There are 4 protein chains.
Amino acid sequence: MAYSVRRLQAKDKAAWLPLFKGYITFYKSTVADDVIETTWQRLLSDEEGFHKGFVAVDEADKPVGIAHIIFHRSTWSPTWYCYLEDLFVEPSLRAGGIGKMLIEAVYKAADERQCTRTYWSTQEFNYRARGLYDKMATKSPFLQYRR
Amino acid sequence: MAYSVRRLQAKDKAAWLPLFKGYITFYKSTVADDVIETTWQRLLSDEEGFHKGFVAVDEADKPVGIAHIIFHRSTWSPTWYCYLEDLFVEPSLRAGGIGKMLIEAVYKAADERQCTRTYWSTQEFNYRARGLYDKMATKSPFLQYRR
Amino acid sequence: MAYSVRRLQAKDKAAWLPLFKGYITFYKSTVADDVIETTWQRLLSDEEGFHKGFVAVDEADKPVGIAHIIFHRSTWSPTWYCYLEDLFVEPSLRAGGIGKMLIEAVYKAADERQCTRTYWSTQEFNYRARGLYDKMATKSPFLQYRR
Amino acid sequence: MAYSVRRLQAKDKAAWLPLFKGYITFYKSTVADDVIETTWQRLLSDEEGFHKGFVAVDEADKPVGIAHIIFHRSTWSPTWYCYLEDLFVEPSLRAGGIGKMLIEAVYKAADERQCTRTYWSTQEFNYRARGLYDKMATKSPFLQYRR
């Protein structure tokens with residue numbers, strides 16, 4: 001089976017929903033249904049200041065992976081930073097290169113915007129994904145504090 | 001000497017510059033002068049999508065510390081996240097509560113915007129600051145990857 | 001193929017050597033040949049104060065994995081601590097339960113000596129092994145400093 | 001006040017006890033009184049395989065800091081490793097160079113034994129001590145797992 005990455009579209013909602021929920025569950029977290037609906041509307045709006053969505057699709061154009069990015073300003077950059085907030089691949093299709101394709105699509109979108117940084121976070125224990133991240137990016141020495 | 005925190009103003013430029021540069025130097029990094037000038041203009045613009053600046057000032061209204069924050073959307077939030085990108089206090093005035101006052105001003109600004117998360121990053125070795133951060137926030141178990 | 005764990009024996013030298021060297025290479029390190037020979041002699045000596053060796057063997061009694069432990073005193077324990085210094089499984093046989101069997105044999109040896117702690121170190125990036133360690137032990141919040 | 005470091009002696013018991021207990025409390029841990037008594041006896045025994053104790057003393061020869069080390073074999077070394085298990089300085093005397101003197105005495109003892117490694121552990125949050133450790137040693141990239 002061959003996969004490709006394209007922008008998220010309105011017709012993807014039914015397939016997008018379990019992927020986004022799968023991602024949230026992976027981090028043992030919860031997001032209220034109305035917030036998920038708001039996020040869905042914002043992803044489709046294509047407005048400045050909101051996230052852009054990408055999906056990896058199979059040959060039948062069925063989404064099997066998602067990536068949500070947001071461009072934001074930085075005091076250290078004349079252009080933008082690209083934050084990859086969410087990344088998820090259907091569990092049964094892991095280790096087949098789909099995560100890599102999604103990150104490559106994110107890099108391309110960041111390049112088009114001349115972003116001076118592209119970054120994301122992951123939990124320490126997320127070993128399988130980190131095997132991929134170690135190949136495509138650099139672990140920063142920064143810690144995050146949250147109120 | 002008593003200190004207070006207020007929004008950054010145009011008259012602060014001469015005092016703001018060495019504080020922002022001190023911050024950049026602390027992280028053994030560099031930012032081009034024209035980017036710093038762009039950042040200064042953006043901080044004053046008060047436009048949506050750009051950073052807001054706060055300064056801690058002494059009794060003569062002289063800036064001795066800075067905080068730069070940006071509000072951005074999150075797919076996990078109906079409102080906003082508040083990212084504290086830069087925080088710096090004049091080295092000779094450390095450990096006197098100025099950093100704490102700046103973070104409290106950031107929390108207040110985040111609350112006014114109903115932010116569901118306020119966060120920042122710091123390097124592992126930044127022990128003195130982390131002593132304060134440990135009291136005011138929680139170290140997240142997340143690692144950051146950067147392209 | 002079934003595997004079992006037994007104490008290291010003199011006849012194991014030819015099979016033990018590439019396993020110990022494989023372990024050293026995994027950590028991108030080197031140990032001089034005469035030190036390796038000294039270690040081999042000590043492992044066989046069964047004297048107090050030196051390491052004890054375990055091997056995982058296949059049905060032909062061929063070593064395919066090794067574990068070296070040492071018991072040492074602790075100021076916090078009336079008995080002993082058990083330090084698992086080296087653990088290695090033939091790469092082609094990974095993820096088949098051999099590492100788990102070796103750790104279980106270490107735990108048994110530690111119990112026989114009434115050790116109040118059994119511990120080992122690993123590098124942050126050692127994701128595959130850590131997936132196993134997370135199931136069998138607890139990551140401590142301690143950092144190690146070395147002269 | 002000048003300080004110096006010498007080997008622990010039988011007459012130090014009354015001063016040693018609150019220092020060792022202070023250390024244990026710092027790590028929010030407990031050690032039974034009979035284990036502490038056993039440790040005391042072992043520290044004085046000067047027998048192979050048990051810890052050696054050092055004390056930093058003031059001009060009245062009163063102990064104000066302690067260091068306990070143990071030499072143990074390593075499969076990677078023809079000689080010994082030196083493990084600094086406990087290090088504590090009277091809280092009111094911190095940041096005055098006493099910790100540094102104790103570590104230097106440990107290094108000297110390790111050199112006399114031709115140790116190929118001297119190491120210790122500390123918790124991530126132990127910022128003040130780590131400021132010293134960062135100057136005198138290197139943080140290893142190793143994590144510790146404990147049963």
# chains A, B, ... in the order shown; residues from 1 in each chain; ligands from 1
$ interface_residues --of "chain A" --to "chain C" --cutoff "9 Å" --atoms "only C-alpha atoms" --output "PyMOL selection string"
chain A and resi 125-128+130-131+134
$ write_last_selection --atoms "C-alpha atoms" --output "compact mmCIF listing (two decimals), in the first residue's frame"
# COMPACT_ATOMS: atom_id res chain seq x y z
CA PHE A 125 8.72 7.51 27.28
CA ASN A 126 7.57 7.82 23.67
CA TYR A 127 10.44 5.62 22.54
CA ARG A 128 9.14 4.43 19.17
CA ARG A 130 11.64 9.22 19.32
CA GLY A 131 13.57 6.73 17.22
CA ASP A 134 16.21 11.42 16.51
$ residues_around --residues "Ser121 of chain B" --least-positions-apart "4" --cutoff "10 Å" --atoms "only C-alpha atoms" --output "list in words"
Pro141, Phe142, Leu143, Gln144, Tyr145 and Arg146 of chain A; Tyr83, Leu84, Glu85, Asp86, Lys139, Ser140 and Gln144 of chain B
$ residues_around --residues "Ile36 of chain C" --least-positions-apart "6" --cutoff "10 Å" --atoms "only C-alpha atoms" --output "list in words"
Leu17, Phe20, Lys21 and Arg42 of chain C; Thr75, Trp76, Ser77 and Pro78 of chain D
$ write_last_selection --atoms "all heavy atoms" --output "PDB file, in the first residue's frame"
ATOM      1  N   LEU C  17      33.102 -13.687  24.591  1.00  0.00           N
ATOM      2  CA  LEU C  17      33.934 -12.563  24.145  1.00  0.00           C
ATOM      3  C   LEU C  17      33.202 -11.631  23.172  1.00  0.00           C
ATOM      4  O   LEU C  17      33.151 -10.415  23.409  1.00  0.00           O
ATOM      5  CB  LEU C  17      35.237 -13.102  23.535  1.00  0.00           C
ATOM      6  CG  LEU C  17      36.374 -12.092  23.409  1.00  0.00           C
ATOM      7  CD1 LEU C  17      36.823 -11.561  24.763  1.00  0.00           C
ATOM      8  CD2 LEU C  17      37.565 -12.744  22.692  1.00  0.00           C
ATOM      9  N   PHE C  20      30.458  -9.599  25.071  1.00  0.00           N
ATOM     10  CA  PHE C  20      30.947  -8.503  25.908  1.00  0.00           C
ATOM     11  C   PHE C  20      31.477  -7.362  25.022  1.00  0.00           C
ATOM     12  O   PHE C  20      31.224  -6.195  25.279  1.00  0.00           O
ATOM     13  CB  PHE C  20      32.046  -9.001  26.858  1.00  0.00           C
ATOM     14  CG  PHE C  20      32.487  -7.981  27.875  1.00  0.00           C
ATOM     15  CD1 PHE C  20      31.570  -7.147  28.527  1.00  0.00           C
ATOM     16  CD2 PHE C  20      33.832  -7.852  28.210  1.00  0.00           C
ATOM     17  CE1 PHE C  20      31.989  -6.211  29.479  1.00  0.00           C
ATOM     18  CE2 PHE C  20      34.259  -6.917  29.155  1.00  0.00           C
ATOM     19  CZ  PHE C  20      33.337  -6.100  29.780  1.00  0.00           C
ATOM     20  N   LYS C  21      32.162  -7.736  23.939  1.00  0.00           N
ATOM     21  CA  LYS C  21      32.655  -6.696  23.029  1.00  0.00           C
ATOM     22  C   LYS C  21      31.501  -5.986  22.318  1.00  0.00           C
ATOM     23  O   LYS C  21      31.554  -4.779  22.058  1.00  0.00           O
ATOM     24  CB  LYS C  21      33.631  -7.300  22.014  1.00  0.00           C
ATOM     25  CG  LYS C  21      34.983  -7.670  22.632  1.00  0.00           C
ATOM     26  CD  LYS C  21      36.003  -8.064  21.574  1.00  0.00           C
ATOM     27  CE  LYS C  21      37.400  -8.224  22.199  1.00  0.00           C
ATOM     28  NZ  LYS C  21      38.404  -8.644  21.185  1.00  0.00           N
ATOM     29  N   ARG C  42      38.394 -12.810  36.365  1.00  0.00           N
ATOM     30  CA  ARG C  42      37.676 -12.462  37.603  1.00  0.00           C
ATOM     31  C   ARG C  42      36.269 -13.048  37.628  1.00  0.00           C
ATOM     32  O   ARG C  42      35.784 -13.475  38.675  1.00  0.00           O
ATOM     33  CB  ARG C  42      37.602 -10.947  37.739  1.00  0.00           C
ATOM     34  CG  ARG C  42      38.945 -10.305  38.071  1.00  0.00           C
ATOM     35  CD  ARG C  42      38.829  -8.797  38.003  1.00  0.00           C
ATOM     36  NE  ARG C  42      40.059  -8.136  38.435  1.00  0.00           N
ATOM     37  CZ  ARG C  42      40.294  -6.832  38.323  1.00  0.00           C
ATOM     38  NH1 ARG C  42      39.359  -6.042  37.798  1.00  0.00           N
ATOM     39  NH2 ARG C  42      41.433  -6.311  38.732  1.00  0.00           N
TER      40      ARG C  42
ATOM     41  N   THR D  75      33.856  -4.357  35.542  1.00  0.00           N
ATOM     42  CA  THR D  75      34.279  -5.208  34.424  1.00  0.00           C
ATOM     43  C   THR D  75      35.012  -4.399  33.346  1.00  0.00           C
ATOM     44  O   THR D  75      35.570  -4.975  32.423  1.00  0.00           O
ATOM     45  CB  THR D  75      33.062  -5.902  33.773  1.00  0.00           C
ATOM     46  OG1 THR D  75      32.116  -4.884  33.430  1.00  0.00           O
ATOM     47  CG2 THR D  75      32.423  -6.893  34.729  1.00  0.00           C
ATOM     48  N   TRP D  76      34.984  -3.092  33.476  1.00  0.00           N
ATOM     49  CA  TRP D  76      35.621  -2.215  32.492  1.00  0.00           C
ATOM     50  C   TRP D  76      36.958  -1.677  33.008  1.00  0.00           C
ATOM     51  O   TRP D  76      37.542  -0.793  32.364  1.00  0.00           O
ATOM     52  CB  TRP D  76      34.704  -1.024  32.170  1.00  0.00           C
ATOM     53  CG  TRP D  76      33.409  -1.380  31.534  1.00  0.00           C
ATOM     54  CD1 TRP D  76      32.485  -2.275  31.985  1.00  0.00           C
ATOM     55  CD2 TRP D  76      32.884  -0.859  30.301  1.00  0.00           C
ATOM     56  NE1 TRP D  76      31.413  -2.335  31.126  1.00  0.00           N
ATOM     57  CE2 TRP D  76      31.626  -1.475  30.081  1.00  0.00           C
ATOM     58  CE3 TRP D  76      33.350   0.070  29.365  1.00  0.00           C
ATOM     59  CZ2 TRP D  76      30.838  -1.191  28.971  1.00  0.00           C
ATOM     60  CZ3 TRP D  76      32.548   0.354  28.256  1.00  0.00           C
ATOM     61  CH2 TRP D  76      31.322  -0.281  28.064  1.00  0.00           C
ATOM     62  N   SER D  77      37.416  -2.146  34.146  1.00  0.00           N
ATOM     63  CA  SER D  77      38.595  -1.550  34.769  1.00  0.00           C
ATOM     64  C   SER D  77      39.507  -2.611  35.368  1.00  0.00           C
ATOM     65  O   SER D  77      39.028  -3.559  36.006  1.00  0.00           O
ATOM     66  CB  SER D  77      38.141  -0.604  35.899  1.00  0.00           C
ATOM     67  OG  SER D  77      39.261  -0.163  36.643  1.00  0.00           O
ATOM     68  N   PRO D  78      40.822  -2.459  35.194  1.00  0.00           N
ATOM     69  CA  PRO D  78      41.747  -3.403  35.828  1.00  0.00           C
ATOM     70  C   PRO D  78      41.920  -3.077  37.321  1.00  0.00           C
ATOM     71  O   PRO D  78      42.428  -3.918  38.059  1.00  0.00           O
ATOM     72  CB  PRO D  78      43.057  -3.169  35.067  1.00  0.00           C
ATOM     73  CG  PRO D  78      42.980  -1.753  34.601  1.00  0.00           C
ATOM     74  CD  PRO D  78      41.524  -1.472  34.347  1.00  0.00           C
TER      75      PRO D  78
END
$ residues_around --residues "Val106 of chain A" --least-positions-apart "3" --cutoff "9 Å" --atoms "only C-alpha atoms" --output "PyMOL selection string"
chain A and resi 54+67-69+82+84+101-103+109-111+118
$ write_last_selection --atoms "all heavy atoms" --output "short mmCIF file (atom, residue, chain, number, x, y, z; two decimals), in the first residue's frame"
data_model
loop_
_atom_site.label_atom_id
_atom_site.label_comp_id
_atom_site.auth_asym_id
_atom_site.auth_seq_id
_atom_site.Cartn_x
_atom_site.Cartn_y
_atom_site.Cartn_z
N PHE A 54 -2.76 18.48 8.14
CA PHE A 54 -2.30 17.60 7.07
C PHE A 54 -2.77 16.19 7.40
O PHE A 54 -2.86 15.82 8.58
CB PHE A 54 -0.78 17.61 6.97
CG PHE A 54 -0.22 18.93 6.51
CD1 PHE A 54 0.07 19.93 7.44
CD2 PHE A 54 -0.01 19.19 5.17
CE1 PHE A 54 0.55 21.16 7.03
CE2 PHE A 54 0.48 20.43 4.75
CZ PHE A 54 0.76 21.41 5.67
N ALA A 67 -1.35 15.55 11.07
CA ALA A 67 -0.37 16.51 11.62
C ALA A 67 -1.04 17.87 11.65
O ALA A 67 -1.64 18.30 10.65
CB ALA A 67 0.89 16.56 10.76
N HIS A 68 -0.97 18.52 12.80
CA HIS A 68 -1.53 19.87 12.96
C HIS A 68 -0.39 20.82 13.30
O HIS A 68 0.31 20.61 14.28
CB HIS A 68 -2.54 19.92 14.11
CG HIS A 68 -3.69 18.98 13.95
ND1 HIS A 68 -4.38 18.46 15.02
CD2 HIS A 68 -4.28 18.46 12.85
CE1 HIS A 68 -5.35 17.67 14.59
NE2 HIS A 68 -5.31 17.65 13.27
N ILE A 69 -0.25 21.86 12.53
CA ILE A 69 0.83 22.83 12.79
C ILE A 69 0.26 24.24 12.94
O ILE A 69 -0.82 24.55 12.43
CB ILE A 69 1.88 22.85 11.66
CG1 ILE A 69 1.25 23.32 10.34
CG2 ILE A 69 2.52 21.49 11.50
CD1 ILE A 69 2.28 23.52 9.22
N CYS A 82 7.46 27.37 13.36
CA CYS A 82 6.41 26.40 13.04
C CYS A 82 6.34 25.39 14.17
O CYS A 82 7.31 24.68 14.44
CB CYS A 82 6.74 25.70 11.72
SG CYS A 82 5.59 24.37 11.32
N LEU A 84 4.66 22.06 15.51
CA LEU A 84 3.89 20.85 15.18
C LEU A 84 3.25 20.38 16.49
O LEU A 84 3.91 19.77 17.33
CB LEU A 84 4.85 19.79 14.62
CG LEU A 84 4.33 18.36 14.46
CD1 LEU A 84 3.09 18.30 13.61
CD2 LEU A 84 5.43 17.45 13.91
N MET A 101 6.70 10.80 6.50
CA MET A 101 6.09 11.57 5.41
C MET A 101 5.36 12.80 5.95
O MET A 101 5.39 13.87 5.34
CB MET A 101 5.08 10.70 4.66
CG MET A 101 5.70 9.61 3.80
SD MET A 101 4.43 8.55 3.05
CE MET A 101 3.61 9.76 1.99
N LEU A 102 4.70 12.63 7.10
CA LEU A 102 3.98 13.77 7.69
C LEU A 102 4.97 14.85 8.14
O LEU A 102 4.74 16.04 7.90
CB LEU A 102 3.12 13.28 8.86
CG LEU A 102 1.82 12.57 8.46
CD1 LEU A 102 1.25 11.75 9.60
CD2 LEU A 102 0.76 13.59 7.97
N ILE A 103 6.05 14.43 8.78
CA ILE A 103 7.03 15.43 9.23
C ILE A 103 7.67 16.12 8.02
O ILE A 103 7.89 17.34 8.02
CB ILE A 103 8.10 14.78 10.13
CG1 ILE A 103 7.45 14.31 11.45
CG2 ILE A 103 9.23 15.77 10.44
CD1 ILE A 103 8.39 13.54 12.36
N ALA A 109 6.03 22.83 4.45
CA ALA A 109 5.15 23.97 4.74
C ALA A 109 5.92 25.05 5.50
O ALA A 109 5.73 26.25 5.27
CB ALA A 109 3.94 23.50 5.55
N ALA A 110 6.79 24.62 6.41
CA ALA A 110 7.60 25.59 7.17
C ALA A 110 8.57 26.32 6.25
O ALA A 110 8.80 27.52 6.40
CB ALA A 110 8.36 24.87 8.29
N ASP A 111 9.10 25.60 5.29
CA ASP A 111 10.03 26.23 4.35
C ASP A 111 9.33 27.27 3.48
O ASP A 111 9.88 28.34 3.19
CB ASP A 111 10.69 25.17 3.46
CG ASP A 111 11.75 24.37 4.20
OD1 ASP A 111 12.22 24.84 5.27
OD2 ASP A 111 12.10 23.27 3.73
N THR A 118 11.36 24.89 13.35
CA THR A 118 10.23 23.97 13.37
C THR A 118 10.46 23.07 14.58
O THR A 118 11.56 22.56 14.75
CB THR A 118 10.16 23.13 12.08
OG1 THR A 118 10.03 24.03 10.96
CG2 THR A 118 8.99 22.17 12.10
#
$ atom_distance --atom1 "atom CA of Gly97 of chain D" --atom2 "atom CA of Asp61 of chain D"
16.7 Å
$ atom_distance --atom1 "atom CA of Asp34 of chain A" --atom2 "atom CA of Ala14 of chain A"
15.6 Å
$ closest_residue --among "C:Val5, C:Leu43, C:Val57, C:Val64" --to "Lys108 of chain C" --atoms "only C-alpha atoms"
C:Val5
$ select_by_dssp --residues "segment 13-146 of chain A" --states "helix (DSSP H, G or I)" --output "MDAnalysis selection string"
chainID A and resid 13:26 33:45 91:93 98:112 127:136
$ select_by_dssp --residues "segment 70-119 of chain C" --states "strand (DSSP E or B)" --output "list in words"
Ile70, Phe71, His72, Tyr81, Cys82, Tyr83, Leu84, Glu85, Asp86, Leu87, Phe88, Val89, Arg117, Thr118 and Tyr119 of chain C
$ residues_around --residues "Ile98 of chain A" --least-positions-apart "2" --cutoff "8 Å" --atoms "only C-alpha atoms" --output "PyMOL selection string"
chain A and resi 3+56+65+89+93-96+100-102
$ write_last_selection --atoms "C-alpha atoms" --output "PDB file, in the first residue's frame"
ATOM      1  CA  TYR A   3       0.603   6.540   1.167  1.00  0.00           C
ATOM      2  CA  ALA A  56      -1.522  10.979   5.365  1.00  0.00           C
ATOM      3  CA  GLY A  65      -2.362   9.855  10.009  1.00  0.00           C
ATOM      4  CA  VAL A  89      -0.487   7.633  12.852  1.00  0.00           C
ATOM      5  CA  LEU A  93       0.358   1.174  10.373  1.00  0.00           C
ATOM      6  CA  ARG A  94       3.279   2.319  12.506  1.00  0.00           C
ATOM      7  CA  ALA A  95       6.915   1.938  11.509  1.00  0.00           C
ATOM      8  CA  GLY A  96       5.996   2.083   7.830  1.00  0.00           C
ATOM      9  CA  LYS A 100       8.243  10.465   8.377  1.00  0.00           C
ATOM     10  CA  MET A 101       6.088  11.571   5.412  1.00  0.00           C
ATOM     11  CA  LEU A 102       3.980  13.768   7.689  1.00  0.00           C
TER      12      LEU A 102
END
$ residues_around --residues "segment 44-47 of chain B" --least-positions-apart "4" --cutoff "10 Å" --atoms "only C-alpha atoms" --output "MDAnalysis selection string"
chainID B and resid 7:10 39:40 51:53
$ atom_distance --atom1 "atom CA of Glu59 of chain C" --atom2 "atom CA of Glu37 of chain C"
27.1 Å
$ closest_residue --among "D:Cys115, D:Met136, D:Ile66, D:Leu87" --to "Trp16 of chain D" --atoms "only C-alpha atoms"
D:Ile66
